[in-house]
file protein_16.txt (compact mmCIF, C-alpha atoms)
# COMPACT_ATOMS: atom_id res chain seq x y z
CA MET A 1 -145.97 -104.89 -101.41
CA LEU A 2 -144.67 -107.46 -98.91
CA THR A 3 -141.41 -107.65 -100.87
CA ALA A 4 -140.98 -103.87 -100.70
CA PHE A 5 -141.52 -103.92 -96.92
CA PHE A 6 -139.02 -106.76 -96.50
CA VAL A 7 -136.35 -104.98 -98.58
CA TYR A 8 -136.95 -101.67 -96.77
CA GLY A 9 -136.87 -103.34 -93.35
CA THR A 10 -133.68 -105.23 -94.21
CA SER A 11 -131.87 -102.10 -95.43
CA MET A 12 -132.90 -100.18 -92.29
CA ALA A 13 -131.60 -102.99 -90.06
CA GLN A 14 -128.29 -102.97 -91.93
CA ASP A 15 -127.94 -99.21 -91.38
CA GLU A 16 -128.41 -99.44 -87.60
CA LYS A 17 -125.27 -99.53 -85.52
CA PRO A 18 -124.99 -102.49 -83.13
CA LYS A 19 -125.79 -101.62 -79.51
CA SER A 20 -122.56 -103.31 -78.37
CA PRO A 21 -120.06 -103.00 -81.23
CA PRO A 22 -116.87 -105.07 -81.24
CA ALA A 23 -113.77 -103.23 -80.07
CA THR A 24 -110.08 -103.93 -79.55
CA ALA A 25 -107.49 -102.39 -77.26
CA THR A 26 -103.88 -103.19 -78.02
CA GLY A 27 -100.46 -102.04 -76.95
CA GLU A 28 -96.95 -103.15 -76.07
CA ILE A 29 -95.57 -103.39 -72.55
CA ASN A 30 -91.95 -104.49 -72.00
CA GLY A 31 -91.86 -106.30 -75.35
CA ALA A 32 -95.19 -108.12 -74.87
CA THR A 33 -98.07 -107.31 -77.19
CA ILE A 34 -101.32 -107.08 -75.24
CA THR A 35 -104.64 -107.38 -77.10
CA ILE A 36 -108.07 -107.12 -75.48
CA ASN A 37 -111.08 -107.98 -77.67
CA TYR A 38 -114.52 -107.11 -76.33
CA SER A 39 -118.00 -105.92 -77.23
CA SER A 40 -118.59 -102.37 -76.02
CA PRO A 41 -122.08 -101.76 -74.60
CA SER A 42 -123.39 -98.26 -73.93
CA VAL A 43 -124.82 -96.80 -70.75
CA ARG A 44 -127.98 -95.55 -72.53
CA GLY A 45 -129.31 -93.87 -69.36
CA ARG A 46 -128.92 -96.96 -67.17
CA VAL A 47 -127.18 -97.31 -63.82
CA ILE A 48 -124.31 -99.70 -64.55
CA TRP A 49 -122.28 -100.59 -61.45
CA GLY A 50 -124.26 -102.29 -58.73
CA ASP A 51 -127.40 -102.44 -60.89
CA LEU A 52 -127.07 -103.63 -64.51
CA VAL A 53 -123.73 -105.18 -63.52
CA PRO A 54 -124.21 -106.40 -59.92
CA PHE A 55 -121.41 -106.06 -57.40
CA ASP A 56 -119.67 -109.22 -56.19
CA GLN A 57 -120.76 -111.40 -59.13
CA VAL A 58 -118.77 -112.65 -62.12
CA TRP A 59 -119.36 -110.44 -65.17
CA ARG A 60 -118.20 -111.20 -68.72
CA ALA A 61 -116.43 -107.82 -68.89
CA GLY A 62 -118.33 -106.64 -71.96
CA ALA A 63 -121.31 -107.76 -74.00
CA ASN A 64 -122.01 -110.86 -76.07
CA GLU A 65 -119.06 -113.26 -76.12
CA ALA A 66 -116.66 -113.20 -73.20
CA THR A 67 -113.93 -110.59 -73.46
CA THR A 68 -110.53 -112.05 -74.39
CA PHE A 69 -107.12 -110.98 -73.15
CA GLN A 70 -104.06 -112.03 -75.16
CA THR A 71 -100.38 -111.60 -74.35
CA SER A 72 -97.58 -112.56 -76.71
CA LYS A 73 -95.09 -113.12 -73.85
CA ASP A 74 -95.21 -114.08 -70.18
CA ILE A 75 -96.11 -111.01 -68.11
CA MET A 76 -96.59 -110.06 -64.48
CA VAL A 77 -100.06 -108.71 -63.69
CA GLU A 78 -100.15 -107.00 -60.29
CA GLY A 79 -96.98 -108.95 -59.45
CA GLU A 80 -98.45 -112.34 -60.42
CA LYS A 81 -97.26 -114.36 -63.44
CA LEU A 82 -99.57 -114.73 -66.46
CA PRO A 83 -98.09 -117.03 -69.15
CA ALA A 84 -98.25 -116.03 -72.81
CA GLY A 85 -101.57 -117.01 -74.36
CA THR A 86 -105.20 -116.06 -74.89
CA TYR A 87 -107.65 -116.05 -72.01
CA SER A 88 -111.26 -115.16 -71.42
CA PHE A 89 -111.34 -112.16 -69.12
CA PHE A 90 -113.95 -111.70 -66.42
CA ILE A 91 -114.49 -109.11 -63.72
CA ILE A 92 -116.04 -109.31 -60.27
CA PRO A 93 -116.84 -105.64 -59.64
CA GLY A 94 -117.00 -104.15 -56.17
CA GLU A 95 -117.43 -100.68 -54.76
CA MET A 96 -113.88 -100.49 -53.38
CA GLU A 97 -112.09 -103.45 -55.02
CA THR A 98 -112.49 -105.34 -58.26
CA THR A 99 -111.22 -108.80 -59.17
CA PHE A 100 -109.78 -109.36 -62.65
CA ILE A 101 -109.98 -113.00 -63.77
CA PHE A 102 -107.98 -114.65 -66.55
CA ASN A 103 -109.61 -117.98 -67.49
CA GLU A 104 -108.03 -120.66 -69.72
CA VAL A 105 -111.23 -121.20 -71.77
CA ALA A 106 -110.69 -118.37 -74.23
CA GLU A 107 -113.80 -118.77 -76.37
CA GLN A 108 -117.10 -118.80 -74.50
CA TRP A 109 -120.39 -116.94 -74.66
CA GLY A 110 -120.85 -114.52 -71.81
CA SER A 111 -120.28 -115.92 -68.35
CA GLY A 112 -122.99 -118.60 -68.35
CA LYS A 113 -120.51 -121.47 -68.57
CA TYR A 114 -117.74 -119.77 -66.61
CA ASP A 115 -115.85 -122.33 -64.51
CA GLU A 116 -113.73 -120.96 -61.66
CA ALA A 117 -111.64 -124.17 -61.73
CA LYS A 118 -110.30 -123.01 -65.13
CA ASP A 119 -108.96 -119.71 -63.77
CA VAL A 120 -105.27 -119.20 -64.51
CA LEU A 121 -104.97 -115.97 -62.52
CA ARG A 122 -107.07 -113.71 -60.30
CA VAL A 123 -105.85 -110.31 -59.14
CA THR A 124 -107.56 -107.73 -56.97
CA VAL A 125 -107.30 -104.07 -57.92
CA SER A 126 -108.82 -100.85 -56.59
CA SER A 127 -112.15 -99.66 -57.96
CA MET A 128 -112.57 -95.94 -58.36
CA GLN A 129 -115.15 -93.38 -59.37
CA THR A 130 -114.22 -90.79 -61.98
CA SER A 131 -115.72 -87.42 -62.79
CA THR A 132 -115.65 -88.33 -66.48
CA MET A 133 -118.62 -90.22 -67.92
CA GLU A 134 -117.74 -93.05 -70.34
CA GLU A 135 -120.88 -93.75 -72.40
CA GLN A 136 -119.37 -96.88 -73.94
CA LEU A 137 -117.31 -99.52 -72.17
CA VAL A 138 -113.65 -98.97 -72.99
CA TYR A 139 -110.43 -100.87 -72.34
CA GLU A 140 -107.07 -99.19 -72.75
CA VAL A 141 -103.59 -100.67 -72.72
CA THR A 142 -101.39 -98.06 -71.06
CA LYS A 143 -97.65 -97.69 -70.59
CA GLY A 144 -97.70 -99.66 -67.32
CA GLY A 145 -100.79 -101.88 -67.59
CA PHE A 146 -104.39 -101.76 -68.68
CA GLU A 147 -107.63 -100.24 -67.48
CA VAL A 148 -111.35 -100.62 -67.96
CA ARG A 149 -113.74 -97.64 -67.81
CA TRP A 150 -117.52 -97.44 -68.07
CA GLU A 151 -120.05 -94.98 -66.75
CA HIS A 152 -118.16 -93.33 -63.85
CA GLY A 153 -116.27 -96.49 -62.83
CA LYS A 154 -112.65 -97.36 -63.48
CA ALA A 155 -110.29 -100.18 -62.51
CA LYS A 156 -106.72 -100.76 -63.66
CA ALA A 157 -103.98 -103.34 -63.29
CA SER A 158 -100.23 -102.97 -63.58
CA ILE A 159 -98.25 -105.12 -66.02
CA LYS A 160 -94.51 -105.71 -66.05
call {"tool": "encode", "arguments": {"input": "protein_16.txt", "output": "structure tokens"}}
result
Amino acid sequence: MLTAFFVYGTSMAQDEKPKSPPATATGEINGATITINYSSPSVRGRVIWGDLVPFDQVWRAGANEATTFQTSKDIMVEGEKLPAGTYSFFIIPGEMETTFIFNEVAEQWGSGKYDEAKDVLRVTVSSMQTSTMEEQLVYEVTKGGFEVRWEHGKAKASIK
């Protein structure tokens, strides 16, 4: 009987979708391929900005492992140079402005070992509220940059 329970429990666990599934946003801007890899948590009835994700504190920009941002060529993010490479990507959210952080330590868990001294680039962008509810965190590479959306919040950066 214990074996039957174990097999049943294991098959049920395998059928459940992860709460923060892996996701990728990719696109090309001026000949550079941009790839953002992240885990996409859901709102699930929670207040996100200023509560689950506190304002004015470094956030790993997703769930689980730190989000990564990769560019195949040197690019300009908000007018600042970001060399080709793979970076961990962090966010310091704010009500009116948000800081996007590109850190040279590409592979790290969350933001627990985040070291500001390893930042390659920080840019400040506007934060905005949208009328559209995004249940799951989403990144999108657009024609002129990239954006992050979750709950009713949105921030975007230009890339040239």
call {"tool": "closest_residue", "arguments": {"input": "protein_16.txt", "among": "A:Glu116, A:Asp74, A:Glu147, A:Glu134", "to": "Ser88 of chain A", "atoms": "all atoms listed in the file"}}
result
A:Glu116
call {"tool": "residues_near_point", "arguments": {"input": "protein_16.txt", "point": "(-116.9, -95.8, -65.2)", "cutoff": "8 Å", "atoms": "all atoms listed in the file", "output": "list in words"}}
result
Gln129, Thr130, Thr132, Met133, Glu134, Leu137, Val148, Arg149, Trp150, Glu151, His152, Gly153 and Lys154 of chain A
call {"tool": "atom_distance", "arguments": {"input": "protein_16.txt", "atom1": "atom CA of Asn37 of chain A", "atom2": "atom CA of Pro22 of chain A"}}
result
7.4 Å
call {"tool": "closest_residue", "arguments": {"input": "protein_16.txt", "among": "A:Thr68, A:Pro21, A:Gly94, A:Lys81", "to": "Gly50 of chain A", "atoms": "all atoms listed in the file"}}
result
A:Gly94
call {"tool": "residues_near_point", "arguments": {"input": "protein_16.txt", "point": "(-100.6, -118.4, -74.4)", "cutoff": "7 Å", "atoms": "all atoms listed in the file", "output": "list in words"}}
result
Thr71, Ser72, Pro83, Ala84, Gly85 and Thr86 of chain A
call {"tool": "closest_residue", "arguments": {"input": "protein_16.txt", "among": "A:Phe102, A:Ile159, A:Ala66, A:Lys73", "to": "Thr33 of chain A", "atoms": "only C-alpha atoms"}}
result
A:Lys73
call {"tool": "atom_distance", "arguments": {"input": "protein_16.txt", "atom1": "atom CA of Phe55 of chain A", "atom2": "atom CA of Phe100 of chain A"}}
result
13.2 Å
call {"tool": "atom_distance", "arguments": {"input": "protein_16.txt", "atom1": "atom CA of Ile75 of chain A", "atom2": "atom CA of Lys160 of chain A"}}
result
5.9 Å
call {"tool": "residues_around", "arguments": {"input": "protein_16.txt", "residues": "Val77 of chain A", "least_positions_apart": "5", "cutoff": "10 Å", "atoms": "only C-alpha atoms", "output": "compact mmCIF listing (two decimals) with C-alpha atoms, keeping the file's coordinate frame"}}
result
# COMPACT_ATOMS: atom_id res chain seq x y z
CA LEU A 82 -99.57 -114.73 -66.46
CA PHE A 100 -109.78 -109.36 -62.65
CA LEU A 121 -104.97 -115.97 -62.52
CA ARG A 122 -107.07 -113.71 -60.30
CA VAL A 123 -105.85 -110.31 -59.14
CA GLY A 145 -100.79 -101.88 -67.59
CA PHE A 146 -104.39 -101.76 -68.68
CA ALA A 157 -103.98 -103.34 -63.29
CA SER A 158 -100.23 -102.97 -63.58
CA ILE A 159 -98.25 -105.12 -66.02
CA LYS A 160 -94.51 -105.71 -66.05
call {"tool": "closest_residue", "arguments": {"input": "protein_16.txt", "among": "A:Ala32, A:Ile101, A:Ile91, A:Val58", "to": "Val120 of chain A", "atoms": "all atoms listed in the file"}}
result
A:Ile101
call {"tool": "closest_residue", "arguments": {"input": "protein_16.txt", "among": "A:Pro18, A:Gly31, A:Gly144, A:Pro41", "to": "Val53 of chain A", "atoms": "all atoms listed in the file"}}
result
A:Pro41
call {"tool": "axis_aligned_box", "arguments": {"input": "protein_16.txt", "around": "segment 45-51 of chain A", "padding_each_side": "4 Å", "output": "AutoDock Vina command-line options"}}
result
--center_x -125.8 --center_y -98.2 --center_z -64.0 --size_x 15.0 --size_y 16.6 --size_z 18.6
call {"tool": "decode", "arguments": {"input": "protein_16.txt", "residues": "segment 44-74 of chain A", "atoms": "N, CA, C and O atoms", "output": "mmCIF file, in the first residue's frame"}}
result
data_model
loop_
_atom_site.group_PDB
_atom_site.id
_atom_site.type_symbol
_atom_site.label_atom_id
_atom_site.label_comp_id
_atom_site.auth_asym_id
_atom_site.auth_seq_id
_atom_site.Cartn_x
_atom_site.Cartn_y
_atom_site.Cartn_z
ATOM 1 N N ARG A 44 -0.894 35.328 -8.272
ATOM 2 C CA ARG A 44 -1.671 34.464 -7.369
ATOM 3 C C ARG A 44 -2.349 35.244 -6.232
ATOM 4 O O ARG A 44 -2.306 34.850 -5.072
ATOM 5 N N GLY A 45 -2.963 36.389 -6.573
ATOM 6 C CA GLY A 45 -3.728 37.162 -5.604
ATOM 7 C C GLY A 45 -2.899 38.036 -4.673
ATOM 8 O O GLY A 45 -3.452 38.668 -3.777
ATOM 9 N N ARG A 46 -1.593 38.073 -4.871
ATOM 10 C CA ARG A 46 -0.729 38.855 -3.982
ATOM 11 C C ARG A 46 -0.526 40.269 -4.523
ATOM 12 O O ARG A 46 -0.661 40.510 -5.714
ATOM 13 N N VAL A 47 -0.175 41.178 -3.638
ATOM 14 C CA VAL A 47 0.266 42.512 -4.039
ATOM 15 C C VAL A 47 1.755 42.385 -4.318
ATOM 16 O O VAL A 47 2.515 41.964 -3.453
ATOM 17 N N ILE A 48 2.190 42.740 -5.514
ATOM 18 C CA ILE A 48 3.575 42.514 -5.912
ATOM 19 C C ILE A 48 4.463 43.706 -5.557
ATOM 20 O O ILE A 48 5.313 43.632 -4.689
ATOM 21 N N TRP A 49 4.273 44.824 -6.254
ATOM 22 C CA TRP A 49 5.191 45.962 -6.123
ATOM 23 C C TRP A 49 4.974 46.698 -4.817
ATOM 24 O O TRP A 49 3.878 47.119 -4.496
ATOM 25 N N GLY A 50 6.044 46.821 -4.055
ATOM 26 C CA GLY A 50 5.990 47.502 -2.772
ATOM 27 C C GLY A 50 5.616 46.587 -1.629
ATOM 28 O O GLY A 50 5.620 46.990 -0.472
ATOM 29 N N ASP A 51 5.294 45.320 -1.927
ATOM 30 C CA ASP A 51 4.926 44.362 -0.888
ATOM 31 C C ASP A 51 5.771 43.094 -1.048
ATOM 32 O O ASP A 51 6.805 42.962 -0.416
ATOM 33 N N LEU A 52 5.346 42.171 -1.924
ATOM 34 C CA LEU A 52 6.143 40.968 -2.161
ATOM 35 C C LEU A 52 7.542 41.347 -2.659
ATOM 36 O O LEU A 52 8.546 40.779 -2.231
ATOM 37 N N VAL A 53 7.597 42.293 -3.565
ATOM 38 C CA VAL A 53 8.863 42.845 -4.063
ATOM 39 C C VAL A 53 8.962 44.268 -3.517
ATOM 40 O O VAL A 53 8.325 45.180 -4.043
ATOM 41 N N PRO A 54 9.736 44.465 -2.449
ATOM 42 C CA PRO A 54 9.809 45.800 -1.822
ATOM 43 C C PRO A 54 10.437 46.837 -2.755
ATOM 44 O O PRO A 54 11.312 46.523 -3.553
ATOM 45 N N PHE A 55 9.953 48.069 -2.623
ATOM 46 C CA PHE A 55 10.569 49.174 -3.346
ATOM 47 C C PHE A 55 11.952 49.448 -2.770
ATOM 48 O O PHE A 55 12.219 49.219 -1.593
ATOM 49 N N ASP A 56 12.840 49.955 -3.630
ATOM 50 C CA ASP A 56 14.163 50.445 -3.234
ATOM 51 C C ASP A 56 15.090 49.371 -2.678
ATOM 52 O O ASP A 56 16.011 49.686 -1.932
ATOM 53 N N GLN A 57 14.858 48.109 -3.061
ATOM 54 C CA GLN A 57 15.752 47.018 -2.678
ATOM 55 C C GLN A 57 16.061 46.178 -3.920
ATOM 56 O O GLN A 57 15.211 46.016 -4.788
ATOM 57 N N VAL A 58 17.272 45.624 -3.959
ATOM 58 C CA VAL A 58 17.669 44.789 -5.093
ATOM 59 C C VAL A 58 16.785 43.542 -5.139
ATOM 60 O O VAL A 58 16.606 42.853 -4.133
ATOM 61 N N TRP A 59 16.239 43.273 -6.328
ATOM 62 C CA TRP A 59 15.401 42.095 -6.559
ATOM 63 C C TRP A 59 15.995 41.304 -7.714
ATOM 64 O O TRP A 59 16.499 41.868 -8.683
ATOM 65 N N ARG A 60 15.926 40.004 -7.651
ATOM 66 C CA ARG A 60 16.542 39.133 -8.659
ATOM 67 C C ARG A 60 15.839 39.127 -10.012
ATOM 68 O O ARG A 60 16.233 38.399 -10.921
ATOM 69 N N ALA A 61 14.788 39.911 -10.140
ATOM 70 C CA ALA A 61 14.108 40.120 -11.425
ATOM 71 C C ALA A 61 13.433 38.870 -11.967
ATOM 72 O O ALA A 61 13.348 38.661 -13.171
ATOM 73 N N GLY A 62 12.975 38.019 -11.084
ATOM 74 C CA GLY A 62 12.281 36.784 -11.423
ATOM 75 C C GLY A 62 12.257 35.909 -10.187
ATOM 76 O O GLY A 62 12.356 36.407 -9.068
ATOM 77 N N ALA A 63 12.147 34.622 -10.399
ATOM 78 C CA ALA A 63 12.166 33.666 -9.286
ATOM 79 C C ALA A 63 13.369 32.746 -9.455
ATOM 80 O O ALA A 63 13.994 32.699 -10.514
ATOM 81 N N ASN A 64 13.692 32.047 -8.386
ATOM 82 C CA ASN A 64 14.751 31.040 -8.398
ATOM 83 C C ASN A 64 16.113 31.656 -8.714
ATOM 84 O O ASN A 64 16.525 32.589 -8.040
ATOM 85 N N GLU A 65 16.802 31.144 -9.722
ATOM 86 C CA GLU A 65 18.109 31.697 -10.078
ATOM 87 C C GLU A 65 17.948 33.118 -10.592
ATOM 88 O O GLU A 65 16.892 33.500 -11.075
ATOM 89 N N ALA A 66 19.018 33.887 -10.486
ATOM 90 C CA ALA A 66 18.973 35.254 -11.004
ATOM 91 C C ALA A 66 18.664 35.225 -12.497
ATOM 92 O O ALA A 66 19.104 34.336 -13.232
ATOM 93 N N THR A 67 17.910 36.202 -12.935
ATOM 94 C CA THR A 67 17.623 36.391 -14.351
ATOM 95 C C THR A 67 18.931 36.698 -15.076
ATOM 96 O O THR A 67 19.802 37.365 -14.523
ATOM 97 N N THR A 68 19.085 36.200 -16.301
ATOM 98 C CA THR A 68 20.277 36.534 -17.089
ATOM 99 C C THR A 68 19.875 37.326 -18.328
ATOM 100 O O THR A 68 18.803 37.126 -18.902
ATOM 101 N N PHE A 69 20.765 38.218 -18.711
ATOM 102 C CA PHE A 69 20.600 39.056 -19.889
ATOM 103 C C PHE A 69 21.833 38.842 -20.745
ATOM 104 O O PHE A 69 22.954 39.044 -20.283
ATOM 105 N N GLN A 70 21.626 38.427 -21.990
ATOM 106 C CA GLN A 70 22.747 38.148 -22.893
ATOM 107 C C GLN A 70 22.604 38.981 -24.157
ATOM 108 O O GLN A 70 21.514 39.085 -24.721
ATOM 109 N N THR A 71 23.730 39.563 -24.594
ATOM 110 C CA THR A 71 23.766 40.276 -25.860
ATOM 111 C C THR A 71 24.947 39.760 -26.682
ATOM 112 O O THR A 71 26.040 39.571 -26.149
ATOM 113 N N SER A 72 24.694 39.519 -27.950
ATOM 114 C CA SER A 72 25.731 38.963 -28.824
ATOM 115 C C SER A 72 26.718 40.022 -29.313
ATOM 116 O O SER A 72 27.780 39.684 -29.817
ATOM 117 N N LYS A 73 26.348 41.299 -29.188
ATOM 118 C CA LYS A 73 27.208 42.405 -29.628
ATOM 119 C C LYS A 73 27.141 43.509 -28.575
ATOM 120 O O LYS A 73 26.207 43.557 -27.783
ATOM 121 N N ASP A 74 28.112 44.413 -28.609
ATOM 122 C CA ASP A 74 28.047 45.598 -27.759
ATOM 123 C C ASP A 74 26.773 46.365 -28.103
ATOM 124 O O ASP A 74 26.426 46.502 -29.289
#
